[in-house]
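Containing PDB, C-alpha atoms: start.pdb.
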```pdb
ATOM      1  CA  MET A   1       4.461  -5.343  30.661
ATOM      2  CA  ASP A   2       0.815  -4.450  30.579
ATOM      3  CA  ILE A   3      -1.467  -5.301  27.658
ATOM      4  CA  SER A   4      -1.213  -1.858  26.084
ATOM      5  CA  THR A   5       2.567  -2.187  25.887
ATOM      6  CA  LEU A   6       2.204  -5.595  24.257
ATOM      7  CA  ASP A   7      -0.295  -4.168  21.779
ATOM      8  CA  LYS A   8       2.107  -1.358  20.907
ATOM      9  CA  LEU A   9       4.938  -3.832  20.352
ATOM     10  CA  ASP A  10       2.749  -5.960  18.078
ATOM     11  CA  LEU A  11       1.669  -2.868  16.151
ATOM     12  CA  SER A  12       5.286  -1.742  15.722
ATOM     13  CA  LYS A  13       6.257  -5.187  14.456
ATOM     14  CA  ASN A  14       3.299  -5.271  12.075
ATOM     15  CA  CYS A  15       4.163  -1.818  10.718
ATOM     16  CA  ALA A  16       7.728  -2.939  10.029
ATOM     17  CA  ASN A  17       6.490  -6.097   8.294
ATOM     18  CA  VAL A  18       4.111  -4.131   6.081
ATOM     19  CA  ILE A  19       6.880  -1.685   5.125
ATOM     20  CA  LEU A  20       9.102  -4.593   4.099
ATOM     21  CA  TRP A  21       6.208  -6.180   2.214
ATOM     22  CA  LEU A  22       5.554  -2.886   0.388
ATOM     23  CA  LYS A  23       9.212  -2.739  -0.565
ATOM     24  CA  GLN A  24       8.751  -6.124  -2.264
ATOM     25  CA  GLN A  25       5.469  -5.046  -3.859
ATOM     26  CA  SER A  26       7.074  -1.946  -5.329
ATOM     27  CA  SER A  27       9.426  -4.067  -7.464
ATOM     28  CA  GLU A  28       9.122  -4.001 -11.248
ATOM     29  CA  GLN A  29       7.708  -7.545 -11.257
ATOM     30  CA  CYS A  30       4.888  -6.536  -8.914
ATOM     31  CA  TRP A  31       3.546  -2.965  -8.732
ATOM     32  CA  ASP A  32       6.503  -1.312 -10.482
ATOM     33  CA  LEU A  33       6.694   1.722  -8.175
ATOM     34  CA  SER A  34       9.740   3.925  -7.761
ATOM     35  CA  ASP A  35      10.707   5.146  -4.294
ATOM     36  CA  ASP A  36       9.224   8.538  -5.164
ATOM     37  CA  GLU A  37       5.952   6.942  -6.246
ATOM     38  CA  MET A  38       5.768   4.850  -3.083
ATOM     39  CA  ALA A  39       6.385   7.986  -1.022
ATOM     40  CA  THR A  40       3.454   9.600  -2.849
ATOM     41  CA  LEU A  41       1.193   6.646  -2.035
ATOM     42  CA  LEU A  42       2.268   6.951   1.578
ATOM     43  CA  GLY A  43       0.766  10.413   1.733
ATOM     44  CA  GLY A  44       3.478  12.442   0.064
ATOM     45  CA  ILE A  45       6.174  11.718   2.606
ATOM     46  CA  GLN A  46       9.791  12.476   1.800
ATOM     47  CA  THR A  47      11.438   9.694  -0.227
ATOM     48  CA  GLU A  48      14.236   9.656   2.349
ATOM     49  CA  LYS A  49      11.687   8.847   5.064
ATOM     50  CA  TRP A  50      10.412   5.876   3.022
ATOM     51  CA  LYS A  51      13.974   4.614   2.637
ATOM     52  CA  TYR A  52      14.656   5.177   6.353
ATOM     53  CA  TRP A  53      11.547   3.191   7.287
ATOM     54  CA  GLN A  54      12.774   0.326   5.116
ATOM     55  CA  GLU A  55      16.181   0.361   6.816
ATOM     56  CA  ILE A  56      14.755   0.515  10.346
ATOM     57  CA  SER A  57      12.191  -2.173   9.567
ATOM     58  CA  ALA A  58      14.884  -4.507   8.224
ATOM     59  CA  GLU A  59      17.384  -3.810  11.010
ATOM     60  CA  ILE A  60      15.145  -3.585  14.078
ATOM     61  CA  GLY A  61      11.925  -5.269  12.966
ATOM     62  CA  MET A  62       9.783  -2.594  14.584
ATOM     63  CA  LEU A  63       8.515   0.797  13.442
ATOM     64  CA  ASP A  64       6.282   3.281  15.247
ATOM     65  CA  LEU A  65       3.944   5.164  12.923
ATOM     66  CA  GLU A  66       1.051   7.596  13.278
ATOM     67  CA  LEU A  67      -2.473   6.196  13.054
ATOM     68  CA  GLU A  68      -3.153   7.863   9.692
ATOM     69  CA  MET A  69      -0.110   6.121   8.211
ATOM     70  CA  ILE A  70      -1.193   2.804   9.705
ATOM     71  CA  GLU A  71      -4.596   3.265   8.050
ATOM     72  CA  ARG A  72      -2.873   4.014   4.722
ATOM     73  CA  LEU A  73      -0.719   0.870   5.035
ATOM     74  CA  SER A  74      -3.792  -1.170   5.865
ATOM     75  CA  LEU A  75      -5.607   0.178   2.823
ATOM     76  CA  LEU A  76      -2.703  -0.630   0.498
ATOM     77  CA  ALA A  77      -2.734  -4.184   1.846
ATOM     78  CA  GLY A  78      -6.517  -4.233   1.416
ATOM     79  CA  ILE A  79      -6.232  -3.085  -2.207
ATOM     80  CA  TYR A  80      -3.678  -5.826  -2.835
ATOM     81  CA  LYS A  81      -5.972  -8.438  -1.276
ATOM     82  CA  ALA A  82      -9.088  -7.202  -3.089
ATOM     83  CA  ILE A  83      -7.320  -7.266  -6.460
ATOM     84  CA  HIS A  84      -5.969 -10.750  -5.783
ATOM     85  CA  GLN A  85      -9.414 -12.022  -4.855
ATOM     86  CA  SER A  86     -11.296 -10.392  -7.709
ATOM     87  CA  VAL A  87      -9.159 -11.036 -10.803
ATOM     88  CA  PRO A  88      -8.040 -14.309 -12.390
ATOM     89  CA  ILE A  89      -4.842 -15.941 -11.184
ATOM     90  CA  GLY A  90      -1.845 -14.619 -13.048
ATOM     91  CA  LEU A  91      -3.355 -11.195 -13.674
ATOM     92  CA  HIS A  92      -2.973  -9.755 -10.182
ATOM     93  CA  TYR A  93      -0.055  -7.460 -10.841
ATOM     94  CA  SER A  94      -1.031  -6.501 -14.365
ATOM     95  CA  SER A  95      -4.433  -5.498 -12.952
ATOM     96  CA  PHE A  96      -2.635  -2.915 -10.836
ATOM     97  CA  LYS A  97      -0.597  -1.566 -13.754
ATOM     98  CA  ARG A  98      -2.877  -1.708 -16.800
ATOM     99  CA  PRO A  99      -5.631   0.819 -17.642
ATOM    100  CA  ILE A 100      -9.089  -0.090 -16.394
ATOM    101  CA  ASN A 101     -12.105   0.546 -18.595
ATOM    102  CA  HIS A 102     -14.422   1.884 -15.895
ATOM    103  CA  PRO A 103     -15.683   5.434 -15.333
ATOM    104  CA  LEU A 104     -14.093   5.531 -11.877
ATOM    105  CA  PHE A 105     -10.600   5.139 -13.286
ATOM    106  CA  GLU A 106     -11.117   7.282 -16.411
ATOM    107  CA  GLY A 107      -8.837   4.990 -18.425
ATOM    108  CA  LEU A 108      -6.081   5.028 -15.788
ATOM    109  CA  SER A 109      -4.530   2.011 -14.102
ATOM    110  CA  VAL A 110      -4.925   1.527 -10.355
ATOM    111  CA  LYS A 111      -1.318   2.654 -10.015
ATOM    112  CA  GLU A 112      -1.898   5.836 -12.021
ATOM    113  CA  TYR A 113      -5.203   6.550 -10.278
ATOM    114  CA  LEU A 114      -3.729   6.239  -6.793
ATOM    115  CA  LEU A 115      -0.695   8.340  -7.670
ATOM    116  CA  LYS A 116      -3.015  11.046  -9.000
ATOM    117  CA  ASN A 117      -5.619  10.683  -6.223
ATOM    118  CA  SER A 118      -3.682   9.635  -3.142
ATOM    119  CA  SER A 119      -6.077  10.593  -0.371
ATOM    120  CA  ILE A 120      -7.202   7.957   2.091
ATOM    121  CA  ASP A 121     -10.747   8.340   0.748
ATOM    122  CA  ASP A 122      -9.496   7.432  -2.741
ATOM    123  CA  PHE A 123      -7.803   4.333  -1.328
ATOM    124  CA  TYR A 124     -11.150   3.241   0.139
ATOM    125  CA  VAL A 125     -12.831   3.810  -3.243
ATOM    126  CA  VAL A 126     -10.299   1.622  -5.060
ATOM    127  CA  ARG A 127     -10.423  -1.132  -2.459
ATOM    128  CA  ASP A 128     -14.216  -1.112  -2.451
ATOM    129  CA  PHE A 129     -14.323  -1.188  -6.254
ATOM    130  CA  PHE A 130     -12.411  -4.465  -6.302
ATOM    131  CA  LEU A 131     -14.300  -5.878  -3.325
ATOM    132  CA  SER A 132     -17.566  -5.249  -5.193
ATOM    133  CA  ARG A 133     -16.288  -7.370  -8.079
ATOM    134  CA  MET A 134     -15.796 -10.490  -5.962
TER     135      MET A 134
END
```

So that I can check it, write out the structure of this file as C-alpha cells.
Amino acid sequence: MDISTLDKLDLSKNCANVILWLKQQSSEQCWDLSDDEMATLLGGIQTEKWKYWQEISAEIGMLDLELEMIERLSLLAGIYKAIHQSVPIGLHYSSFKRPINHPLFEGLSVKEYLLKNSSIDDFYVVRDFFLSRM
C-alpha cells in the first residue's frame, strides 16, 4: 500500500469512530438529540442514512464520507471540545441544551441554534464563540 491508501484507511476509520461517538453524544444524558435532529445537524441528510452510517461504523469500523461531511463531523467534535474547555465541570451537557443569554444565540440553546442554523459557517461561529470564552 502507498501512503495515500493508508491515509484513506485512517480517515475511514476515524469517520466511523466519530459517527459512533456522535451516536453516544446524541443520547438523552448528553446532547439529547433524536435521529432526525442528528440528521439535520449532519446537513439535512436522510435519517435512514444516519442510521445506516451507525450500522456500518459498528459492523465494519470504517466509513467513507465526502469532505464536506468530514468537515461537519470535525466541527461537531470541535464544538464539543470547546464547550468542555470553556464551562465548569459538570455543566458541559447542560451548556449544550440550555438557553444562552448572548445576542448570538437570541435566547436559544446551542442545540436549538444549530438545528435552526445548520450551515457549516454557523458551526464555526458556535465553536469560535466557546473558544473565545476560554

Residues selected by the PyMOL selection byres ((chain A and resi 119) around 12), written as a count of residues only: 24

When the PyMOL selection byres ((chain A and resi 89-100) around 6) is applied to the structure above, which residues does it catch, written out as an mmCIF file with C-alpha atoms, in the frame of the given file?
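New file out23.cif:
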```cif
data_model
loop_
_atom_site.group_PDB
_atom_site.id
_atom_site.type_symbol
_atom_site.label_atom_id
_atom_site.label_comp_id
_atom_site.auth_asym_id
_atom_site.auth_seq_id
_atom_site.Cartn_x
_atom_site.Cartn_y
_atom_site.Cartn_z
ATOM 1 C CA CYS A 30 4.888 -6.536 -8.914
ATOM 2 C CA HIS A 84 -5.969 -10.750 -5.783
ATOM 3 C CA PRO A 88 -8.040 -14.309 -12.390
ATOM 4 C CA ASN A 101 -12.105 0.546 -18.595
ATOM 5 C CA HIS A 102 -14.422 1.884 -15.895
ATOM 6 C CA GLY A 107 -8.837 4.990 -18.425
ATOM 7 C CA LEU A 108 -6.081 5.028 -15.788
ATOM 8 C CA SER A 109 -4.530 2.011 -14.102
ATOM 9 C CA VAL A 110 -4.925 1.527 -10.355
ATOM 10 C CA LYS A 111 -1.318 2.654 -10.015
#
```

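Excluding stretch 56-64 of chain A itself and same-chain residues fewer than 3 positions from it, the residues having an atom within 6 Å of it are Ser12, Lys13, Cys15, Ala16 and Trp53 of chain A, counting all atoms listed in the file.
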
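Take the candidates A:Met38, A:Leu33, A:Leu65, A:Leu11 and check each one against A:Trp50 using only C-alpha atoms; the shortest distance goes to A:Met38.
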
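One finds atom CA of A:Asp10 at 28.5 Å from atom CA of A:Ser34.
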
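In this comparison, which uses all atoms listed in the file, the residue of A:Leu73, A:Glu55, A:Glu112, A:Tyr80 approaching A:Gln25 most closely is A:Tyr80.
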
Counting all atoms listed in the file, the residue of A:Val87, A:Leu104, A:Ser74, A:Phe129 that sits nearest A:Asn17: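 Distance minimum relative to A:Asn17 lands on A:Ser74.
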
Gap from atom CA of A:Leu20 to atom CA of A:Ser4 - Å, one decimal: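 Distance reported for this atom pair: 24.4 Å.
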
Nearby residues (all atoms listed in the file) at most 9 Å from A:Lys23, same-chain spacing under 5 positions excluded, as a count of residues only: 4
